[in-house]
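This is final-v1.txt (compact mmCIF, N, CA and C atoms).
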# COMPACT_ATOMS: atom_id res chain seq x y z
N MET A 45 -3.81 4.52 8.28
CA MET A 45 -2.45 4.33 7.81
C MET A 45 -1.66 3.62 8.91
N LEU A 46 -0.60 2.96 8.50
CA LEU A 46 0.26 2.23 9.43
C LEU A 46 1.64 2.88 9.43
N HIS A 47 2.06 3.39 10.58
CA HIS A 47 3.39 3.98 10.73
C HIS A 47 4.33 2.88 11.19
N ARG A 48 5.26 2.48 10.32
CA ARG A 48 6.14 1.34 10.60
C ARG A 48 7.30 1.77 11.50
N VAL A 49 7.10 1.65 12.79
CA VAL A 49 8.11 2.09 13.76
C VAL A 49 8.51 1.01 14.76
N LYS A 50 7.97 -0.20 14.63
CA LYS A 50 8.19 -1.21 15.67
C LYS A 50 9.30 -2.21 15.36
N LYS A 51 9.67 -2.37 14.10
CA LYS A 51 10.69 -3.36 13.74
C LYS A 51 11.95 -2.64 13.26
N GLU A 52 13.11 -3.05 13.77
CA GLU A 52 14.38 -2.42 13.38
C GLU A 52 14.77 -2.77 11.95
N GLN A 53 14.74 -4.04 11.61
CA GLN A 53 15.12 -4.49 10.27
C GLN A 53 13.88 -4.52 9.38
N ASP A 54 13.46 -3.35 8.92
CA ASP A 54 12.21 -3.22 8.17
C ASP A 54 12.45 -2.29 6.99
N ILE A 55 12.24 -2.78 5.78
CA ILE A 55 12.41 -1.94 4.59
C ILE A 55 11.53 -0.70 4.66
N ASN A 56 10.42 -0.78 5.39
CA ASN A 56 9.48 0.34 5.52
C ASN A 56 9.69 1.15 6.81
N LYS A 57 10.81 0.94 7.52
CA LYS A 57 11.05 1.61 8.80
C LYS A 57 10.81 3.11 8.69
N ASP A 58 9.98 3.62 9.60
CA ASP A 58 9.62 5.04 9.72
C ASP A 58 8.71 5.57 8.60
N LYS A 59 8.35 4.73 7.64
CA LYS A 59 7.43 5.15 6.58
C LYS A 59 5.99 4.91 7.03
N TRP A 60 5.07 5.63 6.41
CA TRP A 60 3.64 5.40 6.57
C TRP A 60 3.18 4.63 5.34
N ILE A 61 2.50 3.52 5.57
CA ILE A 61 2.03 2.68 4.47
C ILE A 61 0.60 2.25 4.77
N GLY A 62 -0.04 1.69 3.77
CA GLY A 62 -1.34 1.07 4.00
C GLY A 62 -1.13 -0.27 4.66
N ILE A 63 -2.18 -0.83 5.18
CA ILE A 63 -2.08 -2.15 5.81
C ILE A 63 -2.09 -3.22 4.72
N GLY A 64 -1.54 -4.37 5.04
CA GLY A 64 -1.52 -5.45 4.07
C GLY A 64 -0.47 -6.47 4.43
N GLY A 65 -0.26 -7.40 3.51
CA GLY A 65 0.72 -8.44 3.75
C GLY A 65 0.78 -9.41 2.60
N HIS A 66 1.37 -10.55 2.85
CA HIS A 66 1.60 -11.54 1.81
C HIS A 66 0.53 -12.63 1.81
N PHE A 67 0.34 -13.20 0.63
CA PHE A 67 -0.60 -14.31 0.48
C PHE A 67 -0.16 -15.50 1.30
N GLU A 68 -1.13 -16.24 1.81
CA GLU A 68 -0.87 -17.51 2.49
C GLU A 68 -1.56 -18.61 1.71
N GLY A 69 -0.83 -19.70 1.47
CA GLY A 69 -1.41 -20.86 0.81
C GLY A 69 -2.05 -20.53 -0.53
N THR A 70 -3.31 -20.87 -0.67
CA THR A 70 -4.02 -20.70 -1.94
C THR A 70 -4.98 -19.51 -1.91
N GLU A 71 -4.70 -18.52 -1.07
CA GLU A 71 -5.59 -17.36 -0.95
C GLU A 71 -5.73 -16.59 -2.26
N SER A 72 -6.92 -16.08 -2.47
CA SER A 72 -7.16 -15.12 -3.54
C SER A 72 -6.77 -13.74 -3.01
N PRO A 73 -6.64 -12.73 -3.87
CA PRO A 73 -6.36 -11.38 -3.36
C PRO A 73 -7.40 -10.92 -2.34
N GLU A 74 -8.66 -11.22 -2.57
CA GLU A 74 -9.71 -10.80 -1.65
C GLU A 74 -9.61 -11.52 -0.31
N GLU A 75 -9.33 -12.80 -0.33
CA GLU A 75 -9.17 -13.55 0.92
C GLU A 75 -7.97 -13.03 1.72
N CYS A 76 -6.88 -12.72 1.02
CA CYS A 76 -5.70 -12.17 1.68
C CYS A 76 -6.02 -10.81 2.29
N LEU A 77 -6.71 -9.96 1.54
CA LEU A 77 -7.12 -8.65 2.04
C LEU A 77 -7.91 -8.78 3.34
N LEU A 78 -8.95 -9.60 3.33
CA LEU A 78 -9.81 -9.72 4.50
C LEU A 78 -9.05 -10.26 5.71
N ARG A 79 -8.18 -11.25 5.49
CA ARG A 79 -7.38 -11.81 6.59
C ARG A 79 -6.39 -10.78 7.14
N GLU A 80 -5.65 -10.12 6.25
CA GLU A 80 -4.65 -9.15 6.69
C GLU A 80 -5.28 -7.98 7.45
N VAL A 81 -6.39 -7.47 6.95
CA VAL A 81 -7.06 -6.37 7.65
C VAL A 81 -7.50 -6.82 9.04
N ARG A 82 -8.08 -7.99 9.13
CA ARG A 82 -8.53 -8.51 10.43
C ARG A 82 -7.35 -8.72 11.37
N GLU A 83 -6.24 -9.31 10.85
CA GLU A 83 -5.08 -9.57 11.70
C GLU A 83 -4.41 -8.28 12.17
N GLU A 84 -4.26 -7.31 11.28
CA GLU A 84 -3.50 -6.10 11.62
C GLU A 84 -4.33 -5.04 12.34
N THR A 85 -5.65 -5.03 12.10
CA THR A 85 -6.46 -3.95 12.68
C THR A 85 -7.55 -4.42 13.62
N GLY A 86 -7.97 -5.68 13.49
CA GLY A 86 -9.11 -6.17 14.26
C GLY A 86 -10.44 -5.89 13.56
N LEU A 87 -10.41 -5.20 12.43
CA LEU A 87 -11.63 -4.83 11.71
C LEU A 87 -11.98 -5.87 10.66
N THR A 88 -13.27 -6.01 10.38
CA THR A 88 -13.77 -6.88 9.32
C THR A 88 -14.35 -6.00 8.23
N LEU A 89 -13.77 -6.07 7.03
CA LEU A 89 -14.27 -5.24 5.93
C LEU A 89 -15.63 -5.73 5.46
N THR A 90 -16.53 -4.79 5.19
CA THR A 90 -17.87 -5.12 4.67
C THR A 90 -18.07 -4.54 3.27
N SER A 91 -17.19 -3.63 2.84
CA SER A 91 -17.29 -3.02 1.52
C SER A 91 -15.89 -2.62 1.07
N TYR A 92 -15.47 -3.16 -0.09
CA TYR A 92 -14.12 -2.87 -0.60
C TYR A 92 -14.12 -3.01 -2.12
N ARG A 93 -13.08 -2.41 -2.74
CA ARG A 93 -12.93 -2.46 -4.20
C ARG A 93 -11.49 -2.79 -4.57
N PHE A 94 -11.33 -3.68 -5.55
CA PHE A 94 -10.02 -4.01 -6.10
C PHE A 94 -9.69 -2.91 -7.11
N ARG A 95 -8.61 -2.16 -6.87
CA ARG A 95 -8.34 -0.95 -7.64
C ARG A 95 -7.16 -1.06 -8.60
N GLY A 96 -6.20 -1.96 -8.32
CA GLY A 96 -5.05 -2.03 -9.21
C GLY A 96 -4.02 -3.04 -8.78
N ILE A 97 -3.01 -3.18 -9.65
CA ILE A 97 -1.87 -4.05 -9.40
C ILE A 97 -0.62 -3.18 -9.43
N ILE A 98 0.23 -3.32 -8.41
CA ILE A 98 1.49 -2.58 -8.35
C ILE A 98 2.63 -3.59 -8.43
N THR A 99 3.59 -3.34 -9.33
CA THR A 99 4.79 -4.15 -9.44
C THR A 99 5.94 -3.35 -8.87
N PHE A 100 6.58 -3.87 -7.82
CA PHE A 100 7.72 -3.21 -7.20
C PHE A 100 9.00 -3.88 -7.67
N VAL A 101 9.94 -3.07 -8.18
CA VAL A 101 11.22 -3.56 -8.66
C VAL A 101 12.33 -2.78 -7.97
N SER A 102 13.38 -3.51 -7.57
CA SER A 102 14.57 -2.86 -7.03
C SER A 102 15.75 -3.39 -7.83
N GLY A 103 16.39 -2.51 -8.59
CA GLY A 103 17.48 -2.94 -9.47
C GLY A 103 16.93 -3.84 -10.56
N GLU A 104 17.49 -5.02 -10.68
CA GLU A 104 17.06 -5.98 -11.70
C GLU A 104 16.07 -7.01 -11.15
N GLU A 105 15.70 -6.88 -9.89
CA GLU A 105 14.89 -7.90 -9.23
C GLU A 105 13.48 -7.40 -8.91
N CYS A 106 12.49 -8.21 -9.24
CA CYS A 106 11.11 -7.89 -8.86
C CYS A 106 10.94 -8.30 -7.40
N LEU A 107 10.65 -7.33 -6.56
CA LEU A 107 10.50 -7.62 -5.14
C LEU A 107 9.14 -8.21 -4.82
N GLU A 108 8.09 -7.60 -5.42
CA GLU A 108 6.76 -8.12 -5.13
C GLU A 108 5.70 -7.48 -6.03
N TYR A 109 4.58 -8.14 -6.07
CA TYR A 109 3.38 -7.61 -6.71
C TYR A 109 2.40 -7.30 -5.60
N MET A 110 1.71 -6.19 -5.71
CA MET A 110 0.74 -5.80 -4.68
C MET A 110 -0.63 -5.65 -5.32
N SER A 111 -1.61 -6.30 -4.75
CA SER A 111 -3.01 -6.10 -5.13
C SER A 111 -3.50 -4.92 -4.30
N LEU A 112 -3.98 -3.89 -4.96
CA LEU A 112 -4.34 -2.64 -4.28
C LEU A 112 -5.86 -2.53 -4.15
N PHE A 113 -6.31 -2.37 -2.92
CA PHE A 113 -7.73 -2.26 -2.61
C PHE A 113 -7.99 -0.97 -1.85
N THR A 114 -9.23 -0.48 -1.95
CA THR A 114 -9.72 0.55 -1.04
C THR A 114 -10.97 -0.02 -0.37
N ALA A 115 -11.29 0.50 0.79
CA ALA A 115 -12.46 0.02 1.53
C ALA A 115 -13.20 1.20 2.11
N ASP A 116 -14.54 1.05 2.20
CA ASP A 116 -15.34 2.12 2.79
C ASP A 116 -16.40 1.60 3.74
N GLY A 117 -16.23 0.34 4.18
CA GLY A 117 -17.15 -0.21 5.16
C GLY A 117 -16.47 -1.27 5.99
N PHE A 118 -16.75 -1.25 7.30
CA PHE A 118 -16.14 -2.24 8.19
C PHE A 118 -16.97 -2.35 9.46
N THR A 119 -16.72 -3.44 10.19
CA THR A 119 -17.29 -3.63 11.52
C THR A 119 -16.13 -3.96 12.46
N GLY A 120 -16.38 -3.82 13.76
CA GLY A 120 -15.38 -4.18 14.75
C GLY A 120 -14.72 -2.97 15.36
N GLU A 121 -13.79 -3.26 16.25
CA GLU A 121 -13.05 -2.23 16.96
C GLU A 121 -11.57 -2.35 16.60
N MET A 122 -10.91 -1.21 16.38
CA MET A 122 -9.50 -1.20 16.05
C MET A 122 -8.69 -1.70 17.23
N LYS A 123 -7.69 -2.52 16.93
CA LYS A 123 -6.79 -3.05 17.96
C LYS A 123 -5.38 -2.52 17.72
N THR A 124 -4.48 -2.80 18.64
CA THR A 124 -3.08 -2.43 18.48
C THR A 124 -2.43 -3.38 17.49
N CYS A 125 -1.58 -2.84 16.64
CA CYS A 125 -0.90 -3.64 15.61
C CYS A 125 0.56 -3.85 16.01
N ASP A 126 1.05 -5.08 15.87
CA ASP A 126 2.43 -5.37 16.24
C ASP A 126 3.44 -4.97 15.16
N GLU A 127 2.97 -4.46 14.02
CA GLU A 127 3.86 -4.06 12.94
C GLU A 127 4.12 -2.56 12.91
N GLY A 128 3.37 -1.81 13.70
CA GLY A 128 3.53 -0.36 13.72
C GLY A 128 2.35 0.28 14.43
N THR A 129 2.24 1.59 14.28
CA THR A 129 1.16 2.34 14.91
C THR A 129 0.09 2.65 13.88
N LEU A 130 -1.14 2.21 14.15
CA LEU A 130 -2.28 2.49 13.27
C LEU A 130 -2.87 3.85 13.62
N GLU A 131 -3.22 4.60 12.58
CA GLU A 131 -3.82 5.90 12.81
C GLU A 131 -4.74 6.26 11.65
N TRP A 132 -5.95 6.74 11.99
CA TRP A 132 -6.83 7.29 10.96
C TRP A 132 -6.26 8.63 10.57
N VAL A 133 -5.98 8.84 9.30
CA VAL A 133 -5.38 10.08 8.81
C VAL A 133 -6.34 10.70 7.79
N PRO A 134 -6.74 11.96 8.01
CA PRO A 134 -7.60 12.62 7.01
C PRO A 134 -6.92 12.62 5.64
N VAL A 135 -7.69 12.39 4.59
CA VAL A 135 -7.14 12.29 3.24
C VAL A 135 -6.26 13.49 2.91
N GLU A 136 -6.70 14.69 3.31
CA GLU A 136 -5.92 15.89 2.97
C GLU A 136 -4.59 15.96 3.71
N LYS A 137 -4.35 15.12 4.71
CA LYS A 137 -3.10 15.12 5.48
C LYS A 137 -2.15 13.99 5.08
N VAL A 138 -2.63 13.05 4.28
CA VAL A 138 -1.82 11.87 3.93
C VAL A 138 -0.52 12.27 3.26
N TYR A 139 -0.54 13.24 2.36
CA TYR A 139 0.67 13.61 1.62
C TYR A 139 1.69 14.34 2.48
N ASP A 140 1.33 14.73 3.69
CA ASP A 140 2.26 15.34 4.64
C ASP A 140 3.10 14.28 5.37
N LEU A 141 2.73 13.02 5.25
CA LEU A 141 3.41 11.93 5.94
C LEU A 141 4.67 11.50 5.19
N GLU A 142 5.54 10.77 5.88
CA GLU A 142 6.73 10.19 5.26
C GLU A 142 6.30 8.95 4.47
N LEU A 143 6.14 9.13 3.15
CA LEU A 143 5.66 8.08 2.25
C LEU A 143 6.74 7.73 1.24
N TRP A 144 6.66 6.52 0.70
CA TRP A 144 7.48 6.17 -0.46
C TRP A 144 7.01 7.04 -1.63
N ALA A 145 7.94 7.41 -2.52
CA ALA A 145 7.59 8.24 -3.69
C ALA A 145 6.54 7.56 -4.56
N GLY A 146 6.66 6.26 -4.76
CA GLY A 146 5.70 5.54 -5.58
C GLY A 146 4.32 5.47 -4.95
N ASP A 147 4.28 5.43 -3.61
CA ASP A 147 2.99 5.43 -2.92
C ASP A 147 2.24 6.72 -3.20
N ARG A 148 2.96 7.83 -3.29
CA ARG A 148 2.33 9.11 -3.61
C ARG A 148 1.64 9.04 -4.98
N ILE A 149 2.25 8.30 -5.91
CA ILE A 149 1.66 8.16 -7.25
C ILE A 149 0.37 7.37 -7.17
N PHE A 150 0.40 6.18 -6.56
CA PHE A 150 -0.83 5.38 -6.58
C PHE A 150 -1.90 5.95 -5.66
N LEU A 151 -1.52 6.65 -4.61
CA LEU A 151 -2.54 7.30 -3.78
C LEU A 151 -3.26 8.40 -4.57
N ARG A 152 -2.52 9.13 -5.41
CA ARG A 152 -3.13 10.16 -6.26
C ARG A 152 -4.08 9.51 -7.27
N LEU A 153 -3.66 8.39 -7.85
CA LEU A 153 -4.51 7.68 -8.81
C LEU A 153 -5.81 7.21 -8.15
N LEU A 154 -5.70 6.72 -6.92
CA LEU A 154 -6.90 6.31 -6.18
C LEU A 154 -7.81 7.51 -5.93
N GLU A 155 -7.20 8.60 -5.50
CA GLU A 155 -7.96 9.82 -5.19
C GLU A 155 -8.68 10.37 -6.44
N GLU A 156 -8.05 10.21 -7.60
CA GLU A 156 -8.64 10.66 -8.86
C GLU A 156 -9.70 9.69 -9.40
N GLU A 157 -9.93 8.59 -8.67
CA GLU A 157 -10.88 7.56 -9.10
C GLU A 157 -10.51 6.95 -10.44
N ARG A 158 -9.21 6.82 -10.67
CA ARG A 158 -8.73 6.18 -11.90
C ARG A 158 -9.28 4.76 -11.95
N PRO A 159 -9.76 4.34 -13.13
CA PRO A 159 -10.22 2.94 -13.23
C PRO A 159 -9.06 1.98 -12.95
N PHE A 160 -9.37 0.72 -12.80
CA PHE A 160 -8.38 -0.31 -12.49
C PHE A 160 -7.09 -0.05 -13.28
N PHE A 161 -5.94 -0.07 -12.59
CA PHE A 161 -4.68 0.26 -13.24
C PHE A 161 -3.56 -0.69 -12.84
N SER A 162 -2.51 -0.68 -13.67
CA SER A 162 -1.28 -1.40 -13.40
C SER A 162 -0.17 -0.37 -13.33
N LEU A 163 0.57 -0.38 -12.23
CA LEU A 163 1.65 0.58 -12.01
C LEU A 163 2.92 -0.17 -11.64
N LYS A 164 3.98 0.07 -12.41
CA LYS A 164 5.29 -0.52 -12.12
C LYS A 164 6.16 0.58 -11.53
N LEU A 165 6.75 0.30 -10.37
CA LEU A 165 7.60 1.25 -9.68
C LEU A 165 9.00 0.65 -9.55
N VAL A 166 10.00 1.35 -10.08
CA VAL A 166 11.38 0.86 -10.07
C VAL A 166 12.20 1.76 -9.16
N TYR A 167 12.77 1.15 -8.12
CA TYR A 167 13.60 1.85 -7.13
C TYR A 167 15.05 1.40 -7.26
N ASP A 168 15.98 2.30 -6.89
CA ASP A 168 17.39 1.89 -6.83
C ASP A 168 17.68 1.28 -5.46
N ALA A 169 18.91 0.89 -5.23
CA ALA A 169 19.29 0.21 -3.99
C ALA A 169 19.12 1.09 -2.75
N GLU A 170 19.10 2.41 -2.93
CA GLU A 170 18.92 3.34 -1.81
C GLU A 170 17.45 3.68 -1.57
N GLY A 171 16.55 3.08 -2.34
CA GLY A 171 15.13 3.34 -2.16
C GLY A 171 14.63 4.59 -2.86
N VAL A 172 15.38 5.08 -3.86
CA VAL A 172 14.97 6.25 -4.62
C VAL A 172 14.22 5.79 -5.87
N LEU A 173 13.05 6.35 -6.10
CA LEU A 173 12.24 5.98 -7.26
C LEU A 173 12.94 6.43 -8.54
N GLN A 174 13.18 5.49 -9.43
CA GLN A 174 13.86 5.77 -10.69
C GLN A 174 12.92 5.83 -11.88
N GLU A 175 11.83 5.07 -11.80
CA GLU A 175 10.92 4.97 -12.95
C GLU A 175 9.54 4.55 -12.46
N ALA A 176 8.53 5.08 -13.14
CA ALA A 176 7.15 4.68 -12.89
C ALA A 176 6.49 4.47 -14.25
N ILE A 177 5.83 3.33 -14.40
CA ILE A 177 5.17 2.99 -15.66
C ILE A 177 3.71 2.69 -15.34
N LEU A 178 2.81 3.50 -15.88
CA LEU A 178 1.37 3.36 -15.63
C LEU A 178 0.69 2.79 -16.86
N ASP A 179 0.06 1.63 -16.70
CA ASP A 179 -0.64 0.96 -17.80
C ASP A 179 0.23 0.89 -19.05
N GLY A 180 1.53 0.56 -18.86
CA GLY A 180 2.45 0.36 -19.97
C GLY A 180 3.11 1.61 -20.50
N GLN A 181 2.76 2.77 -19.94
CA GLN A 181 3.32 4.04 -20.42
C GLN A 181 4.20 4.67 -19.34
N LYS A 182 5.43 5.04 -19.72
CA LYS A 182 6.35 5.65 -18.78
C LYS A 182 5.78 7.01 -18.32
N MET A 183 5.86 7.25 -17.00
CA MET A 183 5.37 8.49 -16.43
C MET A 183 6.52 9.46 -16.22
N GLU A 184 6.21 10.74 -16.26
CA GLU A 184 7.17 11.77 -15.89
C GLU A 184 7.26 11.81 -14.37
N LEU A 185 8.48 11.75 -13.83
CA LEU A 185 8.65 11.79 -12.37
C LEU A 185 8.87 13.20 -11.90
Take the structure in the file and give it back as structure tokens.
Amino acid sequence: MLHRVKKEQDINKDKWIGIGGHFEGTESPEECLLREVREETGLTLTSYRFRGIITFVSGEECLEYMSLFTADGFTGEMKTCDEGTLEWVPVEKVYDLELWAGDRIFLRLLEEERPFFSLKLVYDAEGVLQEAILDGQKMEL
């Protein structure tokens, strides 16, 4: 997990998030994944799975789409990340961290081995989760 504590003007300030980033040029989701993991951690993934698409909305504006992957194989040595502090966190301890409410939803779906899914997360201007829609169906919050 990545603890975002290094940048002052950061929407994720003090939150724990997975590693990742934005597409560059004509990258596919897999190419972006491999580059971002290598850049942020120094590791090269050798085994990974595309698990879902997350749509993040704040108010009336779509902020971003996230391609969600999990990985269970890598080579290399972990390096220091300039975006925050990297830490291996046991799965049973992840929910004790300061996470976005929507992240708790998709982390649970991953843990349950849910097949490929689409999750829309709608936040208000203060970052409070207002709505979650899983595969087109509104979820109870």
Q: For stretch 76-84 of chain A, please output as a PyMOL selection string all residues within 8 Å (counting only C-alpha atoms; exclusion window: fewer than 2 positions along the same chain).
A: chain A and resi 63-68+71-74+86-89+113+123-127
Q. Quick one: DSSP helix (DSSP H, G or I) residues in chain A, as an NGL selection string?
A. :A and (73-85 or 135-140 or 145-155)
Take the residues that were just selected and, keeping N, CA and C atoms, output them as a PDB file, in the frame of the given file.
ATOM      1  N   PRO A  73      -6.640 -12.730  -3.870  1.00  0.00           N
ATOM      2  CA  PRO A  73      -6.360 -11.380  -3.360  1.00  0.00           C
ATOM      3  C   PRO A  73      -7.400 -10.920  -2.340  1.00  0.00           C
ATOM      4  N   GLU A  74      -8.660 -11.220  -2.570  1.00  0.00           N
ATOM      5  CA  GLU A  74      -9.710 -10.800  -1.650  1.00  0.00           C
ATOM      6  C   GLU A  74      -9.610 -11.520  -0.310  1.00  0.00           C
ATOM      7  N   GLU A  75      -9.330 -12.800  -0.330  1.00  0.00           N
ATOM      8  CA  GLU A  75      -9.170 -13.550   0.920  1.00  0.00           C
ATOM      9  C   GLU A  75      -7.970 -13.030   1.720  1.00  0.00           C
ATOM     10  N   CYS A  76      -6.880 -12.720   1.020  1.00  0.00           N
ATOM     11  CA  CYS A  76      -5.700 -12.170   1.680  1.00  0.00           C
ATOM     12  C   CYS A  76      -6.020 -10.810   2.290  1.00  0.00           C
ATOM     13  N   LEU A  77      -6.710  -9.960   1.540  1.00  0.00           N
ATOM     14  CA  LEU A  77      -7.120  -8.650   2.040  1.00  0.00           C
ATOM     15  C   LEU A  77      -7.910  -8.780   3.340  1.00  0.00           C
ATOM     16  N   LEU A  78      -8.950  -9.600   3.330  1.00  0.00           N
ATOM     17  CA  LEU A  78      -9.810  -9.720   4.500  1.00  0.00           C
ATOM     18  C   LEU A  78      -9.050 -10.260   5.710  1.00  0.00           C
ATOM     19  N   ARG A  79      -8.180 -11.250   5.490  1.00  0.00           N
ATOM     20  CA  ARG A  79      -7.380 -11.810   6.590  1.00  0.00           C
ATOM     21  C   ARG A  79      -6.390 -10.780   7.140  1.00  0.00           C
ATOM     22  N   GLU A  80      -5.650 -10.120   6.250  1.00  0.00           N
ATOM     23  CA  GLU A  80      -4.650  -9.150   6.690  1.00  0.00           C
ATOM     24  C   GLU A  80      -5.280  -7.980   7.450  1.00  0.00           C
ATOM     25  N   VAL A  81      -6.390  -7.470   6.950  1.00  0.00           N
ATOM     26  CA  VAL A  81      -7.060  -6.370   7.650  1.00  0.00           C
ATOM     27  C   VAL A  81      -7.500  -6.820   9.040  1.00  0.00           C
ATOM     28  N   ARG A  82      -8.080  -7.990   9.130  1.00  0.00           N
ATOM     29  CA  ARG A  82      -8.530  -8.510  10.430  1.00  0.00           C
ATOM     30  C   ARG A  82      -7.350  -8.720  11.370  1.00  0.00           C
ATOM     31  N   GLU A  83      -6.240  -9.310  10.850  1.00  0.00           N
ATOM     32  CA  GLU A  83      -5.080  -9.570  11.700  1.00  0.00           C
ATOM     33  C   GLU A  83      -4.410  -8.280  12.170  1.00  0.00           C
ATOM     34  N   GLU A  84      -4.260  -7.310  11.280  1.00  0.00           N
ATOM     35  CA  GLU A  84      -3.500  -6.100  11.620  1.00  0.00           C
ATOM     36  C   GLU A  84      -4.330  -5.040  12.340  1.00  0.00           C
ATOM     37  N   THR A  85      -5.650  -5.030  12.100  1.00  0.00           N
ATOM     38  CA  THR A  85      -6.460  -3.950  12.680  1.00  0.00           C
ATOM     39  C   THR A  85      -7.550  -4.420  13.620  1.00  0.00           C
ATOM     40  N   VAL A 135      -7.690  12.390   4.590  1.00  0.00           N
ATOM     41  CA  VAL A 135      -7.140  12.290   3.240  1.00  0.00           C
ATOM     42  C   VAL A 135      -6.260  13.490   2.910  1.00  0.00           C
ATOM     43  N   GLU A 136      -6.700  14.690   3.310  1.00  0.00           N
ATOM     44  CA  GLU A 136      -5.920  15.890   2.970  1.00  0.00           C
ATOM     45  C   GLU A 136      -4.590  15.960   3.710  1.00  0.00           C
ATOM     46  N   LYS A 137      -4.350  15.120   4.710  1.00  0.00           N
ATOM     47  CA  LYS A 137      -3.100  15.120   5.480  1.00  0.00           C
ATOM     48  C   LYS A 137      -2.150  13.990   5.080  1.00  0.00           C
ATOM     49  N   VAL A 138      -2.630  13.050   4.280  1.00  0.00           N
ATOM     50  CA  VAL A 138      -1.820  11.870   3.930  1.00  0.00           C
ATOM     51  C   VAL A 138      -0.520  12.270   3.260  1.00  0.00           C
ATOM     52  N   TYR A 139      -0.540  13.240   2.360  1.00  0.00           N
ATOM     53  CA  TYR A 139       0.670  13.610   1.620  1.00  0.00           C
ATOM     54  C   TYR A 139       1.690  14.340   2.480  1.00  0.00           C
ATOM     55  N   ASP A 140       1.330  14.730   3.690  1.00  0.00           N
ATOM     56  CA  ASP A 140       2.260  15.340   4.640  1.00  0.00           C
ATOM     57  C   ASP A 140       3.100  14.280   5.370  1.00  0.00           C
ATOM     58  N   ALA A 145       7.940   7.410  -2.520  1.00  0.00           N
ATOM     59  CA  ALA A 145       7.590   8.240  -3.690  1.00  0.00           C
ATOM     60  C   ALA A 145       6.540   7.560  -4.560  1.00  0.00           C
ATOM     61  N   GLY A 146       6.660   6.260  -4.760  1.00  0.00           N
ATOM     62  CA  GLY A 146       5.700   5.540  -5.580  1.00  0.00           C
ATOM     63  C   GLY A 146       4.320   5.470  -4.950  1.00  0.00           C
ATOM     64  N   ASP A 147       4.280   5.430  -3.610  1.00  0.00           N
ATOM     65  CA  ASP A 147       2.990   5.430  -2.920  1.00  0.00           C
ATOM     66  C   ASP A 147       2.240   6.720  -3.200  1.00  0.00           C
ATOM     67  N   ARG A 148       2.960   7.830  -3.290  1.00  0.00           N
ATOM     68  CA  ARG A 148       2.330   9.110  -3.610  1.00  0.00           C
ATOM     69  C   ARG A 148       1.640   9.040  -4.980  1.00  0.00           C
ATOM     70  N   ILE A 149       2.250   8.300  -5.910  1.00  0.00           N
ATOM     71  CA  ILE A 149       1.660   8.160  -7.250  1.00  0.00           C
ATOM     72  C   ILE A 149       0.370   7.370  -7.170  1.00  0.00           C
ATOM     73  N   PHE A 150       0.400   6.180  -6.560  1.00  0.00           N
ATOM     74  CA  PHE A 150      -0.830   5.380  -6.580  1.00  0.00           C
ATOM     75  C   PHE A 150      -1.900   5.950  -5.660  1.00  0.00           C
ATOM     76  N   LEU A 151      -1.520   6.650  -4.610  1.00  0.00           N
ATOM     77  CA  LEU A 151      -2.540   7.300  -3.780  1.00  0.00           C
ATOM     78  C   LEU A 151      -3.260   8.400  -4.570  1.00  0.00           C
ATOM     79  N   ARG A 152      -2.520   9.130  -5.410  1.00  0.00           N
ATOM     80  CA  ARG A 152      -3.130  10.160  -6.260  1.00  0.00           C
ATOM     81  C   ARG A 152      -4.080   9.510  -7.270  1.00  0.00           C
ATOM     82  N   LEU A 153      -3.660   8.390  -7.850  1.00  0.00           N
ATOM     83  CA  LEU A 153      -4.510   7.680  -8.810  1.00  0.00           C
ATOM     84  C   LEU A 153      -5.810   7.210  -8.150  1.00  0.00           C
ATOM     85  N   LEU A 154      -5.700   6.720  -6.920  1.00  0.00           N
ATOM     86  CA  LEU A 154      -6.900   6.310  -6.180  1.00  0.00           C
ATOM     87  C   LEU A 154      -7.810   7.510  -5.930  1.00  0.00           C
ATOM     88  N   GLU A 155      -7.200   8.600  -5.500  1.00  0.00           N
ATOM     89  CA  GLU A 155      -7.960   9.820  -5.190  1.00  0.00           C
ATOM     90  C   GLU A 155      -8.680  10.370  -6.440  1.00  0.00           C
TER      91      GLU A 155
END
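Taking all atoms listed in the file into account, the residues near (-3.3, 7.7, 6.6), no farther than 6.5 Å, are Met45, Leu46, Glu131, Trp132, Val133, Pro134 and Val138 of chain A.
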Q) For the atom pair atom CA of A:Met110 and atom C of A:Leu163, what is the interatomic distance in Å to one decimal place? A) 9.2 Å
**Q.** Contact residues around stretch 170-183 of chain A with only C-alpha atoms at 12 Å, ignoring same-chain residues under 3 positions, as an NGL selection string
**A.** :A and (55-57 or 59 or 96-103 or 143-150 or 153 or 158-167)
(Q) Would you compute the distance between atom CA of A:Thr114 and atom CA of A:Phe94? Give it in Å to one decimal. (A) 6.8 Å
